[in-house]
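Everything below belongs to upload_30.tsv, which stores TSV, C-alpha atoms.
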chain	number	residue	atom	x	y	z
Z	1	MET	CA	0.00	0.00	0.00
Z	2	VAL	CA	1.33	3.44	-0.97
Z	3	GLN	CA	1.63	5.77	1.98
Z	4	LYS	CA	-0.47	8.91	1.49
Z	5	PHE	CA	0.06	12.36	2.94
Z	6	ARG	CA	-2.34	15.25	3.31
Z	7	ALA	CA	-2.32	18.70	4.88
Z	8	ALA	CA	-3.76	18.86	8.39
Z	9	GLN	CA	-6.73	21.15	9.01
Z	10	THR	CA	-4.50	23.52	11.01
Z	11	THR	CA	-2.29	23.85	7.96
Z	12	ILE	CA	-5.23	24.65	5.71
Z	13	ASN	CA	-6.47	27.24	8.21
Z	14	GLY	CA	-2.99	28.77	8.44
Z	15	LEU	CA	-2.61	28.96	4.67
Z	16	GLU	CA	-6.00	30.62	4.40
Z	17	MET	CA	-4.78	33.29	6.80
Z	18	ALA	CA	-1.61	33.67	4.78
Z	19	PHE	CA	-3.59	34.08	1.58
Z	20	LEU	CA	-5.76	36.73	3.21
Z	21	GLY	CA	-2.58	38.57	4.15
Z	22	LEU	CA	-1.27	38.30	0.62
Z	23	SER	CA	-4.43	39.61	-0.96
Z	24	GLY	CA	-4.88	42.32	1.66
Z	25	SER	CA	-8.37	41.05	2.50
Z	26	ALA	CA	-9.99	42.12	5.74
Z	27	MET	CA	-10.70	39.33	8.20
Z	28	SER	CA	-14.33	38.41	8.68
Z	29	SER	CA	-15.39	35.83	11.24
Z	30	ASP	CA	-18.66	35.01	9.46
Z	31	HIS	CA	-17.07	34.43	6.08
Z	32	ASP	CA	-16.44	30.82	5.11
Z	33	LEU	CA	-13.02	30.79	3.53
Z	34	THR	CA	-12.54	27.09	3.18
Z	35	TRP	CA	-14.22	26.90	-0.20
Z	36	SER	CA	-11.22	28.42	-1.87
Z	37	PHE	CA	-9.00	25.58	-0.69
Z	38	ASN	CA	-9.23	21.89	-1.32
Z	39	ASN	CA	-11.84	21.03	1.25
Z	40	ASP	CA	-13.39	18.89	-1.43
Z	41	ARG	CA	-10.56	16.42	-1.50
Z	42	SER	CA	-12.47	13.61	-3.10
Z	43	LYS	CA	-12.08	15.42	-6.40
Z	44	GLY	CA	-8.35	15.82	-5.90
Z	45	LYS	CA	-8.28	19.46	-6.90
Z	46	GLY	CA	-9.16	22.91	-5.64
Z	47	GLY	CA	-12.51	23.06	-3.92
Z	48	THR	CA	-15.72	24.62	-5.12
Z	49	PRO	CA	-17.81	27.27	-3.38
Z	50	PRO	CA	-20.31	25.83	-0.89
Z	51	ILE	CA	-23.94	25.70	-1.95
Z	52	PRO	CA	-25.76	28.45	-0.06
Z	53	PRO	CA	-28.48	27.21	2.32
Z	54	VAL	CA	-32.01	27.46	0.99
Z	55	ALA	CA	-34.13	29.89	2.96
Z	56	PRO	CA	-37.23	28.28	4.56
Z	57	LYS	CA	-40.49	29.10	2.77
L	1	MET	CA	6.99	48.08	-21.31
L	2	PRO	CA	3.38	47.24	-22.12
L	3	GLN	CA	4.26	43.84	-23.59
L	4	LYS	CA	5.96	42.70	-20.40
L	5	SER	CA	3.19	43.89	-18.10
L	6	GLY	CA	0.66	42.21	-20.42
L	7	LEU	CA	2.44	38.91	-20.03
L	8	LYS	CA	2.55	39.37	-16.28
L	9	SER	CA	-1.19	40.00	-16.17
L	10	LEU	CA	-1.83	36.88	-18.23
L	11	HIS	CA	0.36	34.94	-15.86
L	12	ASN	CA	-1.57	36.26	-12.88
L	13	ALA	CA	-4.91	35.49	-14.46
L	14	ALA	CA	-3.86	31.97	-15.36
L	15	SER	CA	-3.10	31.15	-11.76
L	16	SER	CA	-6.37	32.07	-10.14
L	17	ASN	CA	-6.28	29.27	-7.55
L	18	PRO	CA	-5.19	30.76	-4.19
L	19	ILE	CA	-2.92	27.83	-3.40
L	20	GLN	CA	-1.22	28.03	-6.77
L	21	ARG	CA	-0.70	31.75	-6.25
L	22	MET	CA	0.95	31.12	-2.91
L	23	GLY	CA	3.18	28.51	-4.52
L	24	LEU	CA	4.22	30.99	-7.19
L	25	VAL	CA	4.97	33.68	-4.60
L	26	LEU	CA	7.19	31.20	-2.76
L	27	ASP	CA	8.95	30.41	-6.05
L	28	HIS	CA	9.65	34.10	-6.63
L	29	LEU	CA	10.92	34.51	-3.07
L	30	VAL	CA	13.27	31.56	-3.58
L	31	ALA	CA	14.48	33.17	-6.82
L	32	ALA	CA	15.00	36.46	-4.95
L	33	LEU	CA	17.17	34.56	-2.47
L	34	GLY	CA	19.50	33.10	-5.08
L	35	GLU	CA	17.44	29.92	-5.58
L	36	ASP	CA	18.31	28.82	-2.05
L	37	SER	CA	15.10	27.12	-0.92
L	38	SER	CA	16.66	26.26	2.43
L	39	SER	CA	16.49	29.98	3.27
L	40	PRO	CA	14.47	30.70	6.40
L	41	LEU	CA	11.22	32.62	5.90
L	42	ARG	CA	12.73	35.23	8.24
L	43	ARG	CA	15.41	35.94	5.64
L	44	ALA	CA	12.73	36.54	3.03
L	45	GLN	CA	11.04	38.91	5.47
L	46	ILE	CA	14.24	40.90	5.90
L	47	LEU	CA	14.74	41.13	2.14
L	48	VAL	CA	11.16	42.32	1.61
L	49	ASP	CA	11.61	44.93	4.34
L	50	ILE	CA	14.79	46.26	2.73
L	51	ASP	CA	13.03	46.38	-0.64
L	52	ALA	CA	10.19	48.34	0.92
L	53	HIS	CA	12.64	50.81	2.51
L	54	PRO	CA	15.50	51.58	0.09
L	55	ASN	CA	18.65	52.94	1.80
L	56	THR	CA	17.50	51.61	5.14
L	57	THR	CA	19.93	50.71	7.94
L	58	GLN	CA	20.32	47.48	9.88
L	59	THR	CA	19.00	49.11	13.06
L	60	GLU	CA	15.87	50.31	11.28
L	61	VAL	CA	15.17	46.81	9.90
L	62	MET	CA	15.74	45.33	13.37
L	63	ASP	CA	13.28	47.77	14.91
L	64	ARG	CA	10.61	47.12	12.30
L	65	LEU	CA	10.87	43.32	12.33
L	66	LYS	CA	11.81	42.83	16.00
L	67	ILE	CA	14.74	40.59	15.13
L	68	ASN	CA	17.76	40.31	17.42
L	69	LYS	CA	21.08	41.78	16.42
L	70	SER	CA	23.06	38.57	15.93
L	71	THR	CA	20.40	37.02	13.67
L	72	MET	CA	20.11	40.25	11.74
L	73	SER	CA	23.88	40.60	11.20
L	74	ARG	CA	24.10	37.01	10.00
L	75	GLU	CA	21.20	37.42	7.58
L	76	ILE	CA	22.43	40.77	6.24
L	77	ASP	CA	25.86	39.24	5.59
L	78	TRP	CA	24.18	36.37	3.75
L	79	LEU	CA	22.10	38.74	1.62
L	80	TYR	CA	25.16	40.84	0.79
L	81	ASP	CA	27.36	37.80	0.01
L	82	HIS	CA	24.70	36.46	-2.36
L	83	GLY	CA	24.24	39.74	-4.21
L	84	CYS	CA	20.73	40.39	-2.94
L	85	VAL	CA	21.53	43.79	-1.42
L	86	ILE	CA	24.14	46.50	-1.84
L	87	ARG	CA	25.62	48.33	1.14
L	88	GLN	CA	26.79	51.92	1.14
L	89	ALA	CA	28.32	54.06	3.85
L	90	GLY	CA	26.15	57.05	4.80
L	91	GLN	CA	27.16	60.47	3.45
L	92	GLN	CA	26.55	62.20	6.79
L	93	ASP	CA	27.84	59.42	9.02
L	94	GLY	CA	30.20	56.89	7.46
L	95	ARG	CA	29.52	54.43	10.29
L	96	LEU	CA	25.93	54.08	9.17
L	97	ILE	CA	25.54	51.46	6.44
L	98	HIS	CA	22.58	51.85	4.11
L	99	MET	CA	21.13	48.88	2.26
L	100	THR	CA	19.11	48.53	-0.92
L	101	THR	CA	17.91	45.47	-2.84
L	102	CYS	CA	19.43	44.98	-6.27
L	103	GLY	CA	19.73	42.80	-9.35
L	104	TYR	CA	17.90	39.49	-9.51
L	105	SER	CA	16.53	39.93	-6.00
L	106	LYS	CA	14.78	43.18	-6.80
L	107	LYS	CA	13.42	41.73	-10.05
L	108	SER	CA	12.10	38.55	-8.42
L	109	LEU	CA	10.54	40.50	-5.55
L	110	GLY	CA	8.75	42.56	-8.18
L	111	PHE	CA	7.18	39.37	-9.54
L	112	ALA	CA	6.18	38.28	-6.02
L	113	LEU	CA	4.62	41.69	-5.42
L	114	ASP	CA	2.41	41.19	-8.49
L	115	TYR	CA	0.48	38.67	-6.41
L	116	ALA	CA	0.32	40.95	-3.37
L	117	ASP	CA	-1.44	43.87	-5.02
L	118	HIS	CA	2.02	45.50	-5.31
L	119	SER	CA	2.02	45.96	-1.55
L	120	HIS	CA	5.11	45.14	0.52
L	121	LYS	CA	2.82	45.17	3.55
L	122	ASN	CA	0.68	42.40	2.08
L	123	LEU	CA	3.75	40.36	1.18
L	124	GLN	CA	5.06	40.77	4.74
L	125	LYS	CA	1.70	39.69	6.17
L	126	PHE	CA	1.82	36.62	3.97
L	127	ILE	CA	5.28	35.61	5.18
L	128	GLU	CA	4.45	36.41	8.81
L	129	SER	CA	1.28	34.28	8.64
L	130	LEU	CA	3.24	31.42	7.13
L	131	ILE	CA	5.81	31.58	9.94
L	132	THR	CA	3.05	31.29	12.55
L	133	VAL	CA	1.78	28.06	10.95
L	134	PHE	CA	4.94	26.22	11.99
L	135	ALA	CA	5.84	24.90	15.42
L	136	ASN	CA	9.47	24.97	14.30
L	137	PRO	CA	10.91	28.41	15.11
L	138	LYS	CA	12.93	28.60	11.89
L	139	PRO	CA	10.78	27.39	9.00
L	140	THR	CA	12.27	27.52	5.51
L	141	LEU	CA	10.84	28.27	2.10
L	142	ARG	CA	11.22	24.55	1.35
L	143	ASP	CA	8.97	23.72	4.34
L	144	ALA	CA	6.38	26.24	3.16
L	145	LYS	CA	6.38	24.93	-0.42
L	146	LEU	CA	5.82	21.36	0.74
L	147	LEU	CA	2.87	22.48	2.88
L	148	VAL	CA	1.35	24.37	-0.03
L	149	SER	CA	1.85	21.35	-2.31
L	150	ALA	CA	0.26	18.98	0.22
L	151	THR	CA	-2.73	21.31	0.52
L	152	GLU	CA	-3.10	21.58	-3.23
L	153	LEU	CA	-2.79	17.86	-3.93
L	154	GLY	CA	-4.97	16.48	-1.15
L	155	ASP	CA	-4.09	12.79	-0.65
L	156	ALA	CA	-0.68	12.45	-2.24
L	157	SER	CA	2.12	9.95	-2.23
L	158	ARG	CA	5.61	10.90	-1.12
L	159	GLN	CA	6.70	10.79	-4.75
L	160	GLU	CA	3.91	13.15	-5.88
L	161	LEU	CA	4.79	15.58	-3.12
L	162	PHE	CA	8.49	15.55	-3.91
L	163	ALA	CA	7.74	16.17	-7.58
L	164	ARG	CA	6.27	19.53	-6.52
L	165	ALA	CA	8.97	20.32	-3.97
L	166	TYR	CA	12.12	22.30	-4.64
L	167	LYS	CA	14.98	20.34	-6.12
L	168	ALA	CA	17.06	18.78	-3.38
L	169	PRO	CA	18.67	15.46	-2.47
L	170	LEU	CA	16.04	12.85	-1.56
L	171	THR	CA	17.31	12.76	2.01
L	172	THR	CA	16.65	16.49	2.36
L	173	ASN	CA	13.07	16.17	1.10
L	174	VAL	CA	12.44	13.14	3.32
L	175	ARG	CA	13.76	15.03	6.35
L	176	THR	CA	11.61	18.05	5.50
L	177	LEU	CA	8.48	15.91	5.13
L	178	GLU	CA	9.17	14.04	8.36
L	179	GLY	CA	9.62	17.35	10.15
L	180	LEU	CA	6.23	18.56	8.92
L	181	VAL	CA	4.58	15.29	10.00
L	182	GLU	CA	6.20	15.59	13.45
L	183	GLN	CA	4.85	19.13	13.77
L	184	GLY	CA	1.35	17.83	12.96
L	185	LEU	CA	1.13	19.95	9.81
L	186	ILE	CA	0.93	16.99	7.45
L	187	GLU	CA	-1.02	13.84	8.28
L	188	THR	CA	-0.28	10.37	7.01
L	189	ASP	CA	-2.08	7.04	6.90
L	190	SER	CA	1.10	5.07	7.53
L	191	GLU	CA	-0.49	3.25	10.45
L	192	SER	CA	-2.96	1.38	8.23
Can the structure from this file be put into structure tokens for me?
Amino acid sequence: MVQKFRAAQTTINGLEMAFLGLSGSAMSSDHDLTWSFNNDRSKGKGGTPPIPPVAPK
Amino acid sequence: MPQKSGLKSLHNAASSNPIQRMGLVLDHLVAALGEDSSSPLRRAQILVDIDAHPNTTQTEVMDRLKINKSTMSREIDWLYDHGCVIRQAGQQDGRLIHMTTCGYSKKSLGFALDYADHSHKNLQKFIESLITVFANPKPTLRDAKLLVSATELGDASRQELFARAYKAPLTTNVRTLEGLVEQGLIETDSES
């Protein structure tokens, strides 16, 4: 079996912070940043934006 | 030169993925440091600070970055020896040495700044944030690149990771990867 490696969640969080610094974005606690990273690892590539929740009718 | 800036813009647009952008910034920082990927991120920070403040002095850089004198002297010597900065004695006070980035370093930093909205402050924030990710007090650009590659690839074999890493002897890459696993920054399924 081939040994597999993956970034820990703390790493992904840290890199998100680093990217915010690079782009000069303001921090926002209610903004979900994880979509821009590979949180969708099953596809093996950069993630896609989350589907927004549907408002109750 | 409109042609050059056009190419740069195309390059920027082609790499719209945040992780890829970070990887490219690291590549430009490595180029700015004479292709020495074993350079500490702190060294890159010092170089960026000097680039942001042409004709600055060692004391001024120390004050801005809160780096101790012995580390600073060592890093400034390295940058000078590798042609990243020039040093000139002050006209008013010859004891004061002024530093400015030059040559390939200045050019490569310019490319890195393309991804930081041409802001030295943004580039510094990027490096500072990267440093805080590590438990190791002296992370290198090689460490950072491996983390970015692992994040981009998702589940990846050692071979796939090393293909994205900076060129180095296999033992160096293995040691770097093991260090990142020990710090809990990269996870592995080796137990199964």
Using only C-alpha atoms, determine which residues lie at most 12 Å from Z:Gly14, disregarding the query and same-chain residues fewer than 6 positions distant; provide the list as a PyMOL selection string.
(chain Z and resi 7-8+20-21+33-34+37) or (chain L and resi 19+126-135+144+147-148+151+185)
Hey, what's within 9 Å of L:Leu141 if we count all atoms listed in the file and toss same-chain stuff fewer than 6 positions away? As a VMD selection string, please?
chain L and resid 26 to 27 29 to 30 36 to 41 44
For L:Ile67, find every residue with an atom within 12 Å (counting all atoms listed in the file), except residues of its own chain fewer than 3 positions away, and show them as a PyMOL selection string.
chain L and resi 42-43+45-46+58-64+70-76
Counting all atoms listed in the file, collect the residues of chain L whose closest atom lies at most 9 Å from chain Z, and write them out as a PyMOL selection string.
chain L and resi 17-19+21-22+115-117+119+121-130+132-134+147-158+161+181+184-190+192
Tell me, in Å to one decimal, how far atom CA of L:Phe111 is from atom CA of L:Pro54.
17.6 Å
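With atom CA of L:Leu146 on one side and atom CA of L:Lys66 on the other, the separation reads 27.0 Å.
Going from atom CA of L:Glu160 over to atom CA of L:Asn173, you cover 11.9 Å.
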Within-8 Å shell of (22.3, 35.5, -4.1) in input frame, all atoms listed in the file, as an MDAnalysis selection string:
chainID L and resid 32:35 79:84 105
File for stretch 4-24 of chain Z (N, CA and C atoms), as a compact mmCIF listing (two decimals), in the first residue's frame:
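Result went into out-v2.txt, see below:
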# COMPACT_ATOMS: atom_id res chain seq x y z
N LYS Z 4 0.08 7.63 1.97
CA LYS Z 4 -0.47 8.91 1.49
C LYS Z 4 -0.30 10.00 2.54
N PHE Z 5 -0.12 11.20 2.05
CA PHE Z 5 0.06 12.36 2.94
C PHE Z 5 -0.97 13.43 2.57
N ARG Z 6 -1.40 14.15 3.57
CA ARG Z 6 -2.34 15.25 3.31
C ARG Z 6 -2.11 16.36 4.35
N ALA Z 7 -2.49 17.57 3.96
CA ALA Z 7 -2.32 18.70 4.88
C ALA Z 7 -3.32 18.59 6.02
N ALA Z 8 -2.87 18.86 7.24
CA ALA Z 8 -3.76 18.86 8.39
C ALA Z 8 -4.68 20.09 8.32
N GLN Z 9 -5.78 20.03 9.05
CA GLN Z 9 -6.73 21.15 9.01
C GLN Z 9 -6.07 22.45 9.51
N THR Z 10 -5.18 22.32 10.51
CA THR Z 10 -4.50 23.52 11.01
C THR Z 10 -3.66 24.16 9.92
N THR Z 11 -3.09 23.33 9.07
CA THR Z 11 -2.29 23.85 7.96
C THR Z 11 -3.17 24.61 6.98
N ILE Z 12 -4.31 24.01 6.66
CA ILE Z 12 -5.23 24.65 5.71
C ILE Z 12 -5.71 26.00 6.28
N ASN Z 13 -6.03 25.98 7.57
CA ASN Z 13 -6.47 27.24 8.21
C ASN Z 13 -5.36 28.29 8.16
N GLY Z 14 -4.13 27.85 8.44
CA GLY Z 14 -2.99 28.77 8.44
C GLY Z 14 -2.72 29.33 7.05
N LEU Z 15 -2.85 28.49 6.04
CA LEU Z 15 -2.61 28.96 4.67
C LEU Z 15 -3.71 29.91 4.22
N GLU Z 16 -4.91 29.69 4.71
CA GLU Z 16 -6.00 30.62 4.40
C GLU Z 16 -5.69 32.01 4.95
N MET Z 17 -5.17 32.01 6.18
CA MET Z 17 -4.78 33.29 6.80
C MET Z 17 -3.67 33.96 5.98
N ALA Z 18 -2.72 33.14 5.56
CA ALA Z 18 -1.61 33.67 4.78
C ALA Z 18 -2.10 34.25 3.46
N PHE Z 19 -3.06 33.58 2.84
CA PHE Z 19 -3.59 34.08 1.58
C PHE Z 19 -4.34 35.39 1.78
N LEU Z 20 -5.06 35.47 2.91
CA LEU Z 20 -5.76 36.73 3.21
C LEU Z 20 -4.76 37.87 3.35
N GLY Z 21 -3.63 37.56 4.00
CA GLY Z 21 -2.58 38.57 4.15
C GLY Z 21 -2.04 38.99 2.80
N LEU Z 22 -1.83 38.03 1.95
CA LEU Z 22 -1.27 38.30 0.62
C LEU Z 22 -2.20 39.16 -0.22
N SER Z 23 -3.48 38.87 -0.12
CA SER Z 23 -4.43 39.61 -0.96
C SER Z 23 -4.92 40.89 -0.29
N GLY Z 24 -4.48 41.09 0.97
CA GLY Z 24 -4.88 42.32 1.66
C GLY Z 24 -6.34 42.33 2.06
